[in-house]
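structure_8.tsv follows; it contains TSV, C-alpha atoms.
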```
chain	number	residue	atom	x	y	z
A	1	MET	CA	-25.68	29.68	37.95
A	2	SER	CA	-24.02	29.11	34.59
A	3	ALA	CA	-22.96	25.84	33.04
A	4	THR	CA	-19.29	25.38	32.22
A	5	ILE	CA	-18.16	23.11	29.44
A	6	ALA	CA	-14.76	21.53	29.82
A	7	VAL	CA	-12.63	21.71	26.70
A	8	PRO	CA	-9.46	19.65	26.50
A	9	THR	CA	-6.34	21.80	26.22
A	10	THR	CA	-4.14	19.16	24.67
A	11	THR	CA	-4.53	17.43	21.36
A	12	ARG	CA	-4.20	13.73	20.90
A	13	SER	CA	-1.06	12.78	19.03
A	14	VAL	CA	-1.57	11.17	15.68
A	15	SER	CA	-0.17	7.67	15.51
A	16	PRO	CA	2.16	7.20	12.53
A	17	ILE	CA	1.01	3.59	12.34
A	18	ARG	CA	-2.69	4.49	12.21
A	19	SER	CA	-2.29	7.38	9.77
A	20	GLY	CA	0.06	5.28	7.63
A	21	ALA	CA	-2.38	2.37	7.58
A	22	LEU	CA	-5.23	4.68	6.55
A	23	ALA	CA	-3.06	6.19	3.82
A	24	GLY	CA	-2.06	2.69	2.73
A	25	LEU	CA	-5.72	1.72	2.47
A	26	ALA	CA	-6.32	4.73	0.21
A	27	GLY	CA	-3.31	3.80	-1.93
A	28	GLY	CA	-4.43	0.19	-1.91
A	29	LEU	CA	-7.89	1.18	-3.11
A	30	VAL	CA	-6.49	3.14	-6.07
A	31	PHE	CA	-4.02	0.39	-6.94
A	32	GLY	CA	-6.69	-2.28	-6.34
A	33	LEU	CA	-9.04	-0.64	-8.84
A	34	PHE	CA	-6.18	-0.61	-11.33
A	35	MET	CA	-5.46	-4.29	-10.61
A	36	ALA	CA	-9.14	-5.12	-11.08
A	37	SER	CA	-9.09	-3.41	-14.49
A	38	VAL	CA	-6.24	-5.66	-15.68
A	39	GLY	CA	-7.64	-8.84	-14.08
A	40	ALA	CA	-4.84	-9.30	-11.55
A	41	LEU	CA	-6.88	-9.67	-8.35
A	42	PRO	CA	-7.64	-13.42	-8.64
A	43	MET	CA	-3.89	-14.08	-8.65
A	44	VAL	CA	-3.54	-12.12	-5.41
A	45	GLY	CA	-6.27	-14.33	-3.93
A	46	MET	CA	-4.12	-17.32	-4.82
A	47	LEU	CA	-1.68	-16.17	-2.14
A	48	ILE	CA	-4.11	-17.77	0.31
A	49	GLY	CA	-5.18	-20.50	-2.10
A	50	ILE	CA	-8.44	-18.92	-3.33
A	51	GLU	CA	-8.50	-17.75	-6.94
A	52	ASN	CA	-11.17	-15.08	-6.60
A	53	ALA	CA	-11.13	-11.34	-7.32
A	54	VAL	CA	-13.00	-10.38	-4.13
A	55	VAL	CA	-10.68	-12.46	-1.97
A	56	GLY	CA	-7.72	-11.04	-3.88
A	57	PHE	CA	-8.93	-7.52	-3.20
A	58	ILE	CA	-9.28	-8.23	0.53
A	59	VAL	CA	-5.77	-9.74	0.67
A	60	HIS	CA	-4.44	-6.77	-1.31
A	61	MET	CA	-6.07	-4.29	1.10
A	62	VAL	CA	-4.62	-6.04	4.15
A	63	ILE	CA	-1.15	-5.90	2.58
A	64	SER	CA	-1.73	-2.24	1.67
A	65	ALA	CA	-2.66	-1.33	5.25
A	66	ILE	CA	0.46	-3.06	6.57
A	67	ALA	CA	2.69	-1.44	3.94
A	68	GLY	CA	1.08	1.95	4.62
A	69	ALA	CA	1.67	1.58	8.37
A	70	GLY	CA	5.33	0.92	7.59
A	71	PHE	CA	5.47	4.05	5.44
A	72	GLY	CA	3.85	6.07	8.22
A	73	VAL	CA	6.53	4.95	10.65
A	74	LEU	CA	9.32	5.45	8.11
A	75	THR	CA	8.28	9.04	7.43
A	76	ARG	CA	7.03	9.97	10.92
A	77	ASN	CA	9.60	12.77	11.32
A	78	MET	CA	9.34	14.10	7.77
A	79	GLY	CA	7.10	17.13	7.42
A	80	MET	CA	8.12	18.53	4.07
A	81	VAL	CA	5.98	17.64	1.06
A	82	PRO	CA	8.57	16.98	-1.71
A	83	PRO	CA	10.67	14.44	0.25
A	84	VAL	CA	7.58	12.48	1.33
A	85	TYR	CA	6.28	12.33	-2.26
A	86	ALA	CA	9.67	11.22	-3.56
A	87	LEU	CA	10.01	8.61	-0.84
A	88	SER	CA	6.46	7.37	-1.47
A	89	MET	CA	7.34	6.58	-5.09
A	90	ILE	CA	10.55	4.85	-4.05
A	91	TYR	CA	8.61	2.95	-1.38
A	92	GLY	CA	6.12	1.78	-4.03
A	93	ALA	CA	9.01	0.58	-6.20
A	94	VAL	CA	10.54	-1.29	-3.26
A	95	TRP	CA	7.22	-3.04	-2.64
A	96	TRP	CA	7.11	-3.92	-6.34
A	97	VAL	CA	10.49	-5.65	-6.08
A	98	LEU	CA	9.64	-7.36	-2.80
A	99	GLY	CA	6.04	-8.26	-3.64
A	100	ALA	CA	5.72	-8.73	-7.38
A	101	LEU	CA	9.23	-9.93	-8.20
A	102	ILE	CA	10.14	-12.01	-5.14
A	103	VAL	CA	7.40	-12.89	-2.62
A	104	MET	CA	4.46	-13.41	-4.98
A	105	PRO	CA	6.23	-15.83	-7.38
A	106	LEU	CA	7.77	-17.78	-4.49
A	107	TRP	CA	4.53	-17.91	-2.50
A	108	LEU	CA	2.47	-18.86	-5.56
A	109	SER	CA	4.94	-21.64	-6.30
A	110	VAL	CA	3.82	-23.16	-2.97
A	111	THR	CA	0.07	-22.41	-3.08
A	112	ALA	CA	-0.75	-22.56	-6.80
A	113	ASP	CA	1.89	-23.58	-9.33
A	114	PRO	CA	5.41	-24.89	-8.61
A	115	MET	CA	6.61	-23.34	-11.89
A	116	MET	CA	6.00	-19.84	-10.49
A	117	SER	CA	9.37	-20.05	-8.71
A	118	ASP	CA	10.91	-19.59	-12.18
A	119	MET	CA	9.29	-16.11	-12.27
A	120	VAL	CA	11.43	-14.62	-9.47
A	121	PHE	CA	13.05	-11.42	-10.79
A	122	VAL	CA	11.53	-11.94	-14.24
A	123	VAL	CA	10.41	-8.61	-15.68
A	124	GLY	CA	8.04	-8.70	-18.64
A	125	GLY	CA	5.08	-6.63	-19.80
A	126	ALA	CA	2.86	-7.50	-16.83
A	127	GLN	CA	5.59	-6.60	-14.35
A	128	TRP	CA	6.08	-3.14	-15.89
A	129	VAL	CA	2.35	-2.52	-15.54
A	130	SER	CA	2.64	-3.68	-11.93
A	131	LEU	CA	5.54	-1.28	-11.34
A	132	PHE	CA	3.37	1.61	-12.57
A	133	GLY	CA	0.57	0.53	-10.19
A	134	HIS	CA	2.93	0.23	-7.24
A	135	VAL	CA	4.63	3.58	-7.81
A	136	VAL	CA	1.71	5.73	-8.96
A	137	GLY	CA	-1.40	3.96	-7.66
A	138	PHE	CA	-0.07	2.88	-4.28
A	139	GLY	CA	3.00	5.02	-3.66
A	140	MET	CA	1.86	8.47	-4.71
A	141	THR	CA	-1.65	8.04	-3.33
A	142	THR	CA	-0.33	6.77	0.00
A	143	GLY	CA	2.09	9.69	0.22
A	144	ALA	CA	-0.58	12.27	-0.65
A	145	VAL	CA	-3.12	10.90	1.83
A	146	LEU	CA	-0.53	10.60	4.56
A	147	LEU	CA	0.47	14.22	4.06
A	148	ALA	CA	-3.21	15.26	4.14
A	149	LEU	CA	-3.78	13.33	7.37
A	150	ARG	CA	-0.79	15.10	8.87
A	151	GLY	CA	-2.11	18.48	7.74
A	152	HIS	CA	0.67	19.09	5.20
A	153	ALA	CA	-1.38	18.82	2.00
A	154	LYS	CA	-1.34	21.88	-0.22
```
Whole structure, structure tokens version:
Amino acid sequence: MSATIAVPTTTRSVSPIRSGALAGLAGGLVFGLFMASVGALPMVGMLIGIENAVVGFIVHMVISAIAGAGFGVLTRNMGMVPPVYALSMIYGAVWWVLGALIVMPLWLSVTADPMMSDMVFVVGGAQWVSLFGHVVGFGMTTGAVLLALRGHAK
């Protein structure tokens, strides 16, 4: 008598939400390290009323996972490498506008300093640094990891 081992004949489909969230966490980690180097994480913590770098990093990573999941869904039918990379940079820039130029100043005007509402759509030196982090740190890393998770990395 010989033993037979059952091997599944179908593969489990990869969820675009799960793979996007994982890619977003990778992008968030790279961008988060950049944010830590310029001292920006305590301000992110202020989104929930706690001015602390560790709390800011946790909040940043949660946002990154959510944004990455959105990118995974947005690009779920894209298999080619160049369009995903290009879209990942654009996606990072969109999050810069939404997050750094709109949501963060408005939210901080409620949780930290009412004068922050005057910072909506204000672009100075710190915002250009933030744009770089969003596009390169978050966007490109998220795109690259997502492609790798999908088996398209070269």
| task | Tell me which of A:Ser64, A:Ser15, A:Gln127, A:Thr111 sits closest to Phe31 in chain A, counting all atoms listed in the file. | result |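 Of the candidates, the smallest distance to Phe31 in chain A is held by A:Ser64.
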| task | Place a sphere of radius 8 Å on (-5.2, -4.5, -1.8) in the file coordinates and name every protein, DNA or RNA residue with an atom inside or on its surface, counting all atoms listed in the file; give the answer as JSON, numbers by chain. | result | {"A": [25, 28, 29, 31, 32, 56, 57, 58, 59, 60, 61, 62, 63, 64]}
| Closest of A:Asp113, A:His134, A:Gly124, A:Ile50 to Met89 in chain A - atom-to-atom distances counting all atoms listed in the file | A:His134
| task | Please provide the set of residues having any atom within 8 Å of Leu22 in chain A, restricted to all atoms listed in the file, with same-chain residues fewer than 6 positions apart removed, written as a count of residues only. | result | 4
| field | Selected residue of minimal separation from Met116 in chain A among A:Asn52, A:Ala26, A:Met43, A:Val145, counting all atoms listed in the file | value |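 Using all atoms listed in the file, Met116 in chain A sits closest to A:Met43.
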| task | Please measure the separation of CA of Ala23 in chain A and CA of Ala93 in chain A, giving the value in Å to one decimal. | result |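 Spanning CA of Ala23 in chain A to CA of Ala93 in chain A is a straight-line distance of 16.7 Å.
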| request: Please provide as number ranges by chain all residues within 10 Å of Leu74 in chain A, with the sequence filter that same-chain residues fewer than 3 positions apart are discarded (counting all atoms listed in the file). | output: A: 16-17, 20, 68-71, 77-78, 84, 87, 91
| request: Record the distance separating CA of Val30 in chain A and CA of Gly133 in chain A, expressed in Å with one decimal. | output: 8.6 Å
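Between Pro83 in chain A and the residues A:Val14, A:Val135, A:Met140, A:Ala40, the shortest atom-to-atom distance, using only C-alpha atoms, involves A:Met140.
Here CA of Ala126 in chain A stands at a distance of 13.6 Å from CA of Gly99 in chain A.
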| request: Tell me which of A:Ser117, A:Ser37, A:Thr75, A:Ser130 sits closest to Val94 in chain A, counting all atoms listed in the file. | output: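 Counting all atoms listed in the file, the residue closest to Val94 in chain A is A:Ser130.
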| message | Let me make sure I understand: among A:Val136, A:Val73, A:Val44, A:Val55, which one has the smallest atom-to-atom distance to Ala112 in chain A if we use all atoms listed in the file? | response |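 Between A:Val136, A:Val73, A:Val44, A:Val55, the residue approaching Ala112 in chain A most closely is A:Val44.
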| Got a sec: who's within 7 Å of range 100-109 of chain A, counting all atoms listed in the file, leaving out chain neighbours fewer than 3 positions off, as a VMD selection string? | chain A and resid 46 to 47 96 to 97 112 to 117 119 to 122
| task | Identify, on the basis of all atoms listed in the file, every residue whose closest approach to Ala53 in chain A does not exceed 7 Å; exclude the query and any residue fewer than 5 positions from it along the same chain; express the result as a VMD selection string. | result | chain A and resid 41 to 42 45
Build an axis-aligned box that encloses every atom of range 69-85 of chain A listed in the file, pad it by 6 Å on each side, and report its centre and edge lengths in Å to one decimal, as JSON.
```
{"center_x": 6.2, "center_y": 9.7, "center_z": 4.5, "size_x": 21.0, "size_y": 29.6, "size_z": 25.6}
```
